[in-house]
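*Asks:* So here's data.cif, just mmCIF, C-alpha atoms (C1' of nucleotides):
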data_data
#
loop_
_atom_site.label_atom_id
_atom_site.label_comp_id
_atom_site.auth_asym_id
_atom_site.auth_seq_id
_atom_site.Cartn_x
_atom_site.Cartn_y
_atom_site.Cartn_z
CA MET A 134 0.83 9.39 -8.98
CA GLU A 135 2.99 7.26 -11.25
CA ARG A 136 4.40 3.98 -10.15
CA ILE A 137 7.85 3.97 -8.55
CA ALA A 138 10.13 1.06 -9.45
CA GLU A 139 12.06 -0.97 -6.93
CA GLY A 140 15.39 0.66 -7.69
CA GLU A 141 13.94 4.13 -7.75
CA TYR A 142 12.48 3.47 -4.34
CA ALA A 143 15.98 3.24 -2.90
CA VAL A 144 16.59 6.80 -4.06
CA MET A 145 13.30 7.98 -2.59
CA GLU A 146 14.24 6.46 0.76
CA VAL A 147 17.41 8.52 0.82
CA LEU A 148 15.53 11.72 0.14
CA TRP A 149 12.72 10.96 2.52
CA ASP A 150 15.38 10.61 5.13
CA GLU A 151 17.22 13.81 4.30
CA ALA A 152 16.51 16.57 1.81
CA PRO A 153 17.31 18.55 -0.16
CA LEU A 154 20.39 16.85 -1.54
CA THR A 155 22.48 17.08 -4.69
CA ALA A 156 22.87 14.11 -7.01
CA ALA A 157 26.31 13.40 -5.61
CA GLU A 158 25.01 13.46 -2.05
CA VAL A 159 22.23 11.10 -2.92
CA ALA A 160 24.73 8.74 -4.52
CA GLU A 161 26.81 8.74 -1.34
CA ARG A 162 23.81 7.82 0.76
CA VAL A 163 22.34 5.05 -1.38
CA PRO A 164 22.95 1.70 0.32
CA ALA A 165 26.32 0.39 -0.75
CA GLU A 166 24.86 -3.05 -1.58
CA ARG A 167 23.37 -1.51 -4.68
CA GLY A 168 26.81 -0.87 -6.05
CA TRP A 169 25.52 1.97 -8.19
CA SER A 170 27.67 4.39 -10.11
CA LEU A 171 26.92 8.08 -9.96
CA ALA A 172 25.57 7.84 -13.49
CA THR A 173 22.98 5.32 -12.39
CA VAL A 174 21.83 7.51 -9.54
CA LYS A 175 21.50 10.43 -11.94
CA THR A 176 19.32 8.33 -14.22
CA MET A 177 17.10 7.44 -11.29
CA LEU A 178 16.82 11.08 -10.28
CA SER A 179 15.81 12.13 -13.79
CA ARG A 180 13.21 9.43 -14.05
CA LEU A 181 11.78 10.30 -10.65
CA LEU A 182 11.63 13.95 -11.67
CA ALA A 183 9.80 12.99 -14.84
CA LYS A 184 7.37 10.91 -12.81
CA GLY A 185 6.72 13.80 -10.49
CA ALA A 186 7.96 11.89 -7.47
CA LEU A 187 10.74 14.41 -6.91
CA ALA A 188 11.01 18.16 -7.20
CA HIS A 189 14.17 20.12 -7.84
CA LYS A 190 15.44 23.59 -7.25
CA GLU A 191 18.41 25.08 -9.04
CA ASP A 192 21.40 25.80 -6.91
CA GLY A 193 23.94 27.43 -9.17
CA ARG A 194 24.49 24.94 -11.92
CA ARG A 195 23.21 21.94 -10.10
CA TYR A 196 19.97 20.75 -8.63
CA LEU A 197 18.83 20.17 -5.12
CA TYR A 198 16.41 17.28 -5.09
CA ARG A 199 13.53 16.89 -2.70
CA PRO A 200 10.61 14.42 -2.48
CA ALA A 201 7.42 15.63 -4.12
CA ILE A 202 5.31 12.87 -2.66
CA VAL A 203 4.75 12.00 0.97
CA ARG A 204 6.27 8.76 2.13
CA GLU A 205 3.18 7.85 4.09
CA ASP A 206 1.05 8.16 0.98
CA TYR A 207 3.32 6.00 -1.08
CA VAL A 208 3.57 3.34 1.59
CA ALA A 209 -0.19 3.39 2.02
CA GLU A 210 -0.70 2.87 -1.68
CA GLU A 211 1.75 0.01 -1.94
CA SER A 212 0.57 -1.85 1.14
CA GLY A 213 -3.03 -1.30 0.09
CA ARG A 214 -2.24 -2.75 -3.29
CA LEU A 215 -0.68 -5.87 -1.82
CA ILE A 216 -3.44 -6.41 0.70
CA ASP A 217 -6.06 -5.96 -1.98
CA ARG A 218 -4.42 -8.38 -4.35
CA MET A 219 -3.51 -11.12 -1.95
CA PHE A 220 -5.85 -10.83 0.96
CA GLY A 221 -9.03 -9.47 -0.55
CA GLY A 222 -8.40 -6.11 1.04
CA ARG A 223 -8.59 -7.50 4.58
CA LEU A 224 -5.77 -7.11 7.06
CA THR A 225 -6.82 -9.99 9.28
CA PRO A 226 -5.87 -12.66 6.76
CA LEU A 227 -2.47 -11.04 6.42
CA VAL A 228 -1.90 -11.19 10.15
CA ALA A 229 -3.14 -14.75 10.24
CA HIS A 230 -0.90 -15.61 7.36
CA LEU A 231 2.20 -14.15 8.97
CA ALA A 232 1.38 -15.84 12.23
CA ALA A 233 1.05 -19.16 10.47
CA ARG A 234 4.43 -18.63 8.84
CA ASP A 235 6.05 -17.90 12.18
CA ARG A 236 6.74 -14.33 11.33
CA LEU A 237 5.13 -13.24 14.59
CA SER A 238 7.01 -13.60 17.84
CA PRO A 239 5.22 -13.45 21.22
CA ALA A 240 6.73 -9.99 21.61
CA ASP A 241 5.20 -8.92 18.30
CA ILE A 242 1.85 -10.20 19.46
CA GLU A 243 2.10 -8.23 22.68
CA GLU A 244 3.06 -5.15 20.78
CA ILE A 245 0.19 -5.36 18.36
CA GLU A 246 -2.25 -6.04 21.15
CA ALA A 247 -1.06 -2.95 22.96
CA LEU A 248 -1.44 -0.93 19.79
CA LEU A 249 -4.96 -2.17 19.23
CA ARG A 250 -5.93 -1.47 22.84
CA GLU A 251 -4.75 2.05 22.34
CA LEU A 252 -6.68 2.42 19.12
CA LYS A 253 -9.89 1.52 20.86
CA SER A 254 -9.55 4.14 23.53
CA MET B 874 11.44 -19.50 -7.53
CA GLU B 875 11.40 -16.85 -10.27
CA ARG B 876 9.48 -13.65 -9.86
CA ILE B 877 5.89 -13.55 -11.09
CA ALA B 878 4.75 -10.34 -12.78
CA GLU B 879 1.55 -8.53 -11.93
CA GLY B 880 -0.32 -9.70 -15.00
CA GLU B 881 0.90 -13.25 -14.68
CA TYR B 882 -0.38 -13.26 -11.14
CA ALA B 883 -3.93 -12.92 -12.45
CA VAL B 884 -3.44 -16.20 -14.30
CA MET B 885 -2.01 -17.88 -11.23
CA GLU B 886 -5.03 -16.81 -9.22
CA VAL B 887 -7.32 -18.54 -11.68
CA LEU B 888 -5.37 -21.76 -11.46
CA TRP B 889 -4.96 -21.64 -7.71
CA ASP B 890 -8.71 -21.44 -7.60
CA GLU B 891 -9.37 -24.28 -9.99
CA ALA B 892 -7.06 -26.69 -11.77
CA PRO B 893 -6.25 -28.27 -14.07
CA LEU B 894 -7.62 -26.10 -16.84
CA THR B 895 -6.99 -25.65 -20.55
CA ALA B 896 -5.78 -22.34 -21.96
CA ALA B 897 -9.27 -21.53 -23.16
CA GLU B 898 -10.75 -22.25 -19.75
CA VAL B 899 -8.19 -20.05 -18.06
CA ALA B 900 -9.02 -17.26 -20.50
CA GLU B 901 -12.71 -17.55 -19.63
CA ARG B 902 -11.97 -17.24 -15.94
CA VAL B 903 -9.54 -14.33 -15.99
CA PRO B 904 -11.24 -11.21 -14.60
CA ALA B 905 -13.02 -9.42 -17.41
CA GLU B 906 -11.50 -6.06 -16.42
CA ARG B 907 -8.22 -7.25 -17.89
CA GLY B 908 -9.80 -7.36 -21.31
CA TRP B 909 -7.31 -9.95 -22.46
CA SER B 910 -7.48 -11.83 -25.71
CA LEU B 911 -6.94 -15.57 -25.75
CA ALA B 912 -3.54 -14.91 -27.31
CA THR B 913 -2.48 -12.86 -24.33
CA VAL B 914 -3.52 -15.54 -21.90
CA LYS B 915 -1.53 -18.09 -23.90
CA THR B 916 1.54 -15.90 -23.68
CA MET B 917 1.13 -15.68 -19.93
CA LEU B 918 0.76 -19.43 -19.67
CA SER B 919 3.93 -20.03 -21.69
CA ARG B 920 5.93 -17.61 -19.61
CA LEU B 921 4.67 -19.09 -16.37
CA LEU B 922 5.58 -22.55 -17.65
CA ALA B 923 9.07 -21.32 -18.50
CA LYS B 924 9.39 -19.81 -15.05
CA GLY B 925 8.38 -23.06 -13.45
CA ALA B 926 5.35 -21.52 -11.81
CA LEU B 927 3.01 -23.80 -13.74
CA ALA B 928 3.14 -27.43 -14.77
CA HIS B 929 1.32 -28.97 -17.70
CA LYS B 930 0.09 -32.34 -18.73
CA GLU B 931 -0.80 -33.23 -22.30
CA ASP B 932 -4.42 -33.99 -22.94
CA GLY B 933 -4.66 -35.06 -26.55
CA ARG B 934 -3.30 -32.13 -28.46
CA ARG B 935 -3.68 -29.57 -25.76
CA TYR B 936 -2.36 -28.90 -22.30
CA LEU B 937 -3.94 -28.97 -18.93
CA TYR B 938 -2.27 -26.36 -16.76
CA ARG B 939 -1.81 -26.60 -13.02
CA PRO B 940 0.10 -24.49 -10.46
CA ALA B 941 3.58 -25.73 -9.68
CA ILE B 942 4.04 -23.42 -6.73
CA VAL B 943 1.96 -23.16 -3.59
CA ARG B 944 -0.06 -20.01 -3.23
CA GLU B 945 0.84 -19.70 0.43
CA ASP B 946 4.52 -19.68 -0.41
CA TYR B 947 4.16 -17.03 -3.03
CA VAL B 948 2.03 -14.82 -0.84
CA ALA B 949 4.49 -15.24 2.02
CA GLU B 950 7.34 -14.15 -0.18
CA GLU B 951 5.57 -11.11 -1.55
CA SER B 952 4.24 -9.89 1.77
CA GLY B 953 7.61 -10.48 3.38
CA ARG B 954 9.24 -8.45 0.67
CA LEU B 955 6.91 -5.51 1.18
CA ILE B 956 7.18 -5.58 4.95
CA ASP B 957 10.94 -5.74 4.74
CA ARG B 958 11.16 -2.84 2.35
CA MET B 959 8.69 -0.50 3.91
CA PHE B 960 8.46 -1.44 7.53
CA GLY B 961 11.88 -2.73 8.38
CA GLY B 962 10.58 -6.27 8.51
CA ARG B 963 8.22 -5.54 11.40
CA LEU B 964 4.50 -6.13 11.20
CA THR B 965 3.59 -3.73 13.99
CA PRO B 966 4.43 -0.62 11.99
CA LEU B 967 2.27 -1.93 9.18
CA VAL B 968 -0.69 -2.39 11.49
CA ALA B 969 -0.06 1.04 12.99
CA HIS B 970 0.17 2.51 9.54
CA LEU B 971 -3.10 0.99 8.37
CA ALA B 972 -4.81 2.08 11.55
CA ALA B 973 -3.60 5.63 11.05
CA ARG B 974 -4.95 5.57 7.51
CA ASP B 975 -8.36 4.38 8.69
CA ARG B 976 -8.03 1.08 7.01
CA LEU B 977 -8.97 -0.65 10.25
CA SER B 978 -12.58 -0.73 11.37
CA PRO B 979 -13.54 -1.54 14.96
CA ALA B 980 -14.68 -4.92 13.65
CA ASP B 981 -11.25 -5.51 12.15
CA ILE B 982 -9.66 -4.66 15.46
CA GLU B 983 -11.90 -7.11 17.26
CA GLU B 984 -11.11 -9.77 14.77
CA ILE B 985 -7.38 -9.34 14.99
CA GLU B 986 -7.51 -9.28 18.77
CA ALA B 987 -9.41 -12.55 18.76
CA LEU B 988 -6.86 -14.03 16.39
CA LEU B 989 -3.97 -12.93 18.58
CA ARG B 990 -5.66 -14.31 21.71
CA GLU B 991 -5.95 -17.60 19.97
CA LEU B 992 -2.34 -17.55 18.89
CA LYS B 993 -1.22 -17.14 22.46
CA SER B 994 -3.08 -20.16 23.72
"C1'" DG C 1302 -10.87 -35.69 -48.59
"C1'" DG C 1303 -10.92 -30.81 -48.09
"C1'" DA C 1304 -12.27 -26.64 -45.30
"C1'" DC C 1305 -12.35 -25.25 -40.70
"C1'" DG C 1306 -11.45 -24.58 -35.99
"C1'" DA C 1307 -8.58 -25.24 -31.92
"C1'" DT C 1308 -4.03 -25.29 -30.05
"C1'" DG C 1309 0.83 -24.65 -28.75
"C1'" DA C 1310 4.97 -22.35 -30.74
"C1'" DT C 1311 7.07 -18.50 -32.57
"C1'" DT C 1312 7.48 -13.74 -33.53
"C1'" DA C 1313 6.42 -8.75 -32.76
"C1'" DC C 1314 6.76 -4.57 -30.62
"C1'" DA C 1315 6.54 -0.69 -27.47
"C1'" DC C 1316 7.40 0.65 -22.80
"C1'" DC C 1317 9.70 0.09 -18.29
"C1'" DT C 1318 13.91 -0.89 -15.62
"C1'" DG C 1319 18.67 -1.56 -14.28
"C1'" DT C 1320 22.84 -0.10 -15.31
"C1'" DA C 1321 25.63 2.76 -17.29
"C1'" DG C 1322 28.56 5.86 -20.96
"C1'" DT C 1323 29.09 10.18 -23.48
"C1'" DC C 1324 28.44 15.10 -24.33
"C1'" DA C 1325 28.07 19.95 -23.73
"C1'" DT C 1326 28.54 23.44 -20.48
"C1'" DT C 1327 30.31 25.87 -16.88
"C1'" DA C 1328 32.74 26.90 -12.64
"C1'" DT C 1329 37.33 26.55 -10.82
"C1'" DA C 1330 42.26 25.94 -9.91
"C1'" DG C 1331 46.66 27.42 -11.38
"C1'" DC D 1375 43.44 32.14 -19.95
"C1'" DT D 1376 43.44 27.27 -20.03
"C1'" DA D 1377 43.05 22.47 -18.41
"C1'" DT D 1378 40.11 20.14 -15.30
"C1'" DA D 1379 36.27 18.68 -12.70
"C1'" DA D 1380 31.43 18.59 -11.86
"C1'" DT D 1381 26.86 18.45 -13.55
"C1'" DG D 1382 22.51 17.77 -16.01
"C1'" DA D 1383 20.97 16.03 -20.62
"C1'" DC D 1384 20.99 12.61 -23.85
"C1'" DT D 1385 21.99 8.06 -25.58
"C1'" DA D 1386 22.60 2.99 -25.08
"C1'" DC D 1387 21.31 -1.47 -24.47
"C1'" DA D 1388 19.71 -5.89 -22.64
"C1'" DG D 1389 16.04 -8.14 -20.14
"C1'" DG D 1390 11.18 -8.14 -18.44
"C1'" DT D 1391 6.22 -7.14 -19.37
"C1'" DG D 1392 1.73 -6.18 -21.55
"C1'" DT D 1393 -0.55 -7.15 -25.38
"C1'" DA D 1394 -1.11 -9.41 -29.17
"C1'" DA D 1395 -0.74 -11.62 -34.43
"C1'" DT D 1396 0.78 -15.29 -37.18
"C1'" DC D 1397 2.04 -20.01 -38.20
"C1'" DA D 1398 2.04 -24.91 -38.43
"C1'" DT D 1399 -0.45 -28.87 -37.15
"C1'" DC D 1400 -4.02 -31.86 -36.23
"C1'" DG D 1401 -8.63 -33.45 -35.37
"C1'" DT D 1402 -13.40 -32.97 -37.10
"C1'" DC D 1403 -17.58 -31.99 -39.92
"C1'" DC D 1404 -19.69 -32.38 -44.28
#
Write out the structure in this file as structure tokens.

*Replies:*
Amino acid sequence: MERIAEGEYAVMEVLWDEAPLTAAEVAERVPAERGWSLATVKTMLSRLLAKGALAHKEDGRRYLYRPAIVREDYVAEESGRLIDRMFGGRLTPLVAHLAARDRLSPADIEEIEALLRELKS
Amino acid sequence: MERIAEGEYAVMEVLWDEAPLTAAEVAERVPAERGWSLATVKTMLSRLLAKGALAHKEDGRRYLYRPAIVREDYVAEESGRLIDRMFGGRLTPLVAHLAARDRLSPADIEEIEALLRELKS
DNA sequence: GGACGATGATTACACCTGTAGTCATTATAG
DNA sequence: CTATAATGACTACAGGTGTAATCATCGTCC
């Protein structure tokens, strides 16, 4: 599975949320902050097709695009990569790190504890 | 703080671990899997200097390199970026995700629970 | 004192990425 | 039928990145 770039990821998000879509529909749904032209979105779509991250089906003279990779898999790969690089593959140091940087509210802590309790049962 | 590329990060790791070092010493310590020549390491060092991620001190006719940014800060930025992009800024979904992908052993769960207990006190 | 080795600086180059513009084709509106 | 609009394909181009090679300089060994 080839690497997906930051910008391309924005396109994937759109299609993971709703598919299939035409290029124009994708362009409409990309977050406005990107300020992308339709041409830019089309470039992204082509590159993602070439990378095998999207699939397409002909619909008359245009394409309907659809994810060819599962979001969960991609997210797993990316988070795994970060945790491997920065935390020696261990999640605990990441949690400790975020806690130390005040990225964890008491509510977060409660929530994670509840999740872990559930995992054990 | 400018962005540090994947390869450059390997050099930062070396210097976060031990500093100051000369270019040759850094090259020796870069993980062998990279298979980098000394020239490549020198390029990395120059770029990191230009980005302000490293500082250098002259030692005769060579440099001693030393990190100019704190590892904790960099790691915080990168993990924050990933969590924002993929988990809407919340840590809980990340933990849930890793659990669902069997990246959490019972020992991990224990460890995180202990950490959270400590955080609450 | 001249060859040699180490060192930072400079240059090289292909590939990826962000950000489009242009082109050929075809369906469509009038 | 013809002008127009939509669409994918192709082209463009600057900046970042991986991966070096080359160059100029300076200290050192014989």

*Asks:* Any idea what's packed within 9 Å of B:Lys993, counting only C-alpha atoms (C1' of nucleotides), ignoring anything in its chain fewer than 4 positions away? Could you give it as number ranges by chain?

*Replies:* A: 239, 242; B: 988-989

*Asks:* For the selection just defined, write its residues with C-alpha atoms to a file, as a compact mmCIF listing (two decimals), in the coordinates of the input.

*Replies:*
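Listing of part.txt after writing:
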# COMPACT_ATOMS: atom_id res chain seq x y z
CA PRO A 239 5.22 -13.45 21.22
CA ILE A 242 1.85 -10.20 19.46
CA LEU B 988 -6.86 -14.03 16.39
CA LEU B 989 -3.97 -12.93 18.58

*Asks:* Determine the residue set returned by the PyMOL selection byres ((chain A) within 8 of (chain B)) for the present structure, and present it as a PyMOL selection string.

*Replies:* chain A and resi 208-209+212+215+219+224-225+228-232+234+237+239+241-242+244-246+248-249+252-253

*Asks:* Here's a test: counting all atoms listed in the file, identify every protein, DNA and RNA residue with an atom at most 10 Å from (2.9, -25.1, -27.2) in the file's coordinate frame, and state them as an mmCIF file with C-alpha atoms (C1' of nucleotides), keeping the file's coordinate frame.

*Replies:*
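File produced: result37.cif:
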data_model
loop_
_atom_site.group_PDB
_atom_site.id
_atom_site.type_symbol
_atom_site.label_atom_id
_atom_site.label_comp_id
_atom_site.auth_asym_id
_atom_site.auth_seq_id
_atom_site.Cartn_x
_atom_site.Cartn_y
_atom_site.Cartn_z
ATOM 1 C CA LYS B 915 -1.530 -18.090 -23.900
ATOM 2 C CA THR B 916 1.540 -15.900 -23.680
ATOM 3 C CA LEU B 918 0.760 -19.430 -19.670
ATOM 4 C CA SER B 919 3.930 -20.030 -21.690
ATOM 5 C CA ARG B 934 -3.300 -32.130 -28.460
ATOM 6 C CA ARG B 935 -3.680 -29.570 -25.760
ATOM 7 C CA TYR B 936 -2.360 -28.900 -22.300
ATOM 8 C "C1'" DT C 1308 -4.030 -25.290 -30.050
ATOM 9 C "C1'" DG C 1309 0.830 -24.650 -28.750
ATOM 10 C "C1'" DA C 1310 4.970 -22.350 -30.740
ATOM 11 C "C1'" DT C 1311 7.070 -18.500 -32.570
#

*Asks:* Report as a PyMOL selection string the set of chain C residues whose atoms approach chain A to within 10 Å, with distances computed over all atoms listed in the file.

*Replies:* chain C and resi 1317-1322+1326-1328

*Asks:* For the selection you just gave me, I'd like the residues written to a file as a compact mmCIF listing (two decimals), in the coordinates of the input, keeping C-alpha atoms (C1' of nucleotides).

*Replies:*
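Result file follows (again.txt):
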# COMPACT_ATOMS: atom_id res chain seq x y z
C1' DC C 1317 9.70 0.09 -18.29
C1' DT C 1318 13.91 -0.89 -15.62
C1' DG C 1319 18.67 -1.56 -14.28
C1' DT C 1320 22.84 -0.10 -15.31
C1' DA C 1321 25.63 2.76 -17.29
C1' DG C 1322 28.56 5.86 -20.96
C1' DT C 1326 28.54 23.44 -20.48
C1' DT C 1327 30.31 25.87 -16.88
C1' DA C 1328 32.74 26.90 -12.64

*Asks:* Kindly provide the residues of chain D that approach chain A to within 12 Å, each paired with its closest atom pair and their distance in Å to one decimal, based on only C-alpha atoms (C1' of nucleotides), listed by chain and increasing number, as JSON lines.

*Replies:*
{"residue": "D:DA1380", "atom": "C1'", "partner": "A:Arg195", "partner_atom": "CA", "distance": 9.0}
{"residue": "D:DT1381", "atom": "C1'", "partner": "A:Arg195", "partner_atom": "CA", "distance": 6.1}
{"residue": "D:DG1382", "atom": "C1'", "partner": "A:Arg195", "partner_atom": "CA", "distance": 7.3}
{"residue": "D:DA1383", "atom": "C1'", "partner": "A:Ser179", "partner_atom": "CA", "distance": 9.4}
{"residue": "D:DC1384", "atom": "C1'", "partner": "A:Thr176", "partner_atom": "CA", "distance": 10.7}
{"residue": "D:DT1385", "atom": "C1'", "partner": "A:Thr176", "partner_atom": "CA", "distance": 11.7}

*Asks:* Suppose a student applies the PyMOL selection byres ((chain C and resi 1315) around 10) to this structure; what residues should they get, written as a PyMOL selection string?

*Replies:* (chain C and resi 1313-1314+1316-1317) or (chain D and resi 1392-1393)

*Asks:* Can you work out the spacing between atom CA of A:Lys184 and atom CA of A:Arg199 in Å, to one decimal?

*Replies:*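 So the two atoms, atom CA of A:Lys184 and atom CA of A:Arg199, lie 13.3 Å apart.
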
*Asks:* Give as a list in words the residues that the PyMOL selection byres ((chain D and resi 1375) around 12) matches when applied to the coordinates above.

*Replies:*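 Output from the PyMOL selection byres ((chain D and resi 1375) around 12), applied to this file: DA1330 and DG1331 of chain C; DT1376 and DA1377 of chain D.
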
*Asks:* Give me the residues within 7 Å of A:Leu187 as a PDB file with C-alpha atoms, in the frame of the given file, counting only C-alpha atoms (C1' of nucleotides) and dropping any in the same chain fewer than 6 places off.

*Replies:*
ATOM      1  CA  LEU A 181      11.780  10.300 -10.650  1.00  0.00           C
ATOM      2  CA  TYR A 198      16.410  17.280  -5.090  1.00  0.00           C
ATOM      3  CA  ARG A 199      13.530  16.890  -2.700  1.00  0.00           C
ATOM      4  CA  PRO A 200      10.610  14.420  -2.480  1.00  0.00           C
ATOM      5  CA  ALA A 201       7.420  15.630  -4.120  1.00  0.00           C
TER       6      ALA A 201
END

*Asks:* Work out how far apart atom CA of A:Ile202 and atom CA of A:His189 are and give it in Å to one decimal.

*Replies:*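 Those two atoms sit 12.6 Å apart.
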
*Asks:* In Å to one decimal, how far is atom CA of B:Trp889 from atom CA of A:Ser238?

*Replies:*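 One can read the atom CA of A:Ser238 to atom CA of B:Trp889 distance as 29.3 Å.
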
*Asks:* Can you sort out the box for stretch 1377-1395 of chain D, edges along x, y and z, all listed atoms in, 5 Å on every side, with centre and edge lengths in Å to one decimal, as AutoDock Vina command-line options?

*Replies:*
--center_x 21.0 --center_y 5.4 --center_z -23.1 --size_x 54.2 --size_y 44.1 --size_z 32.6
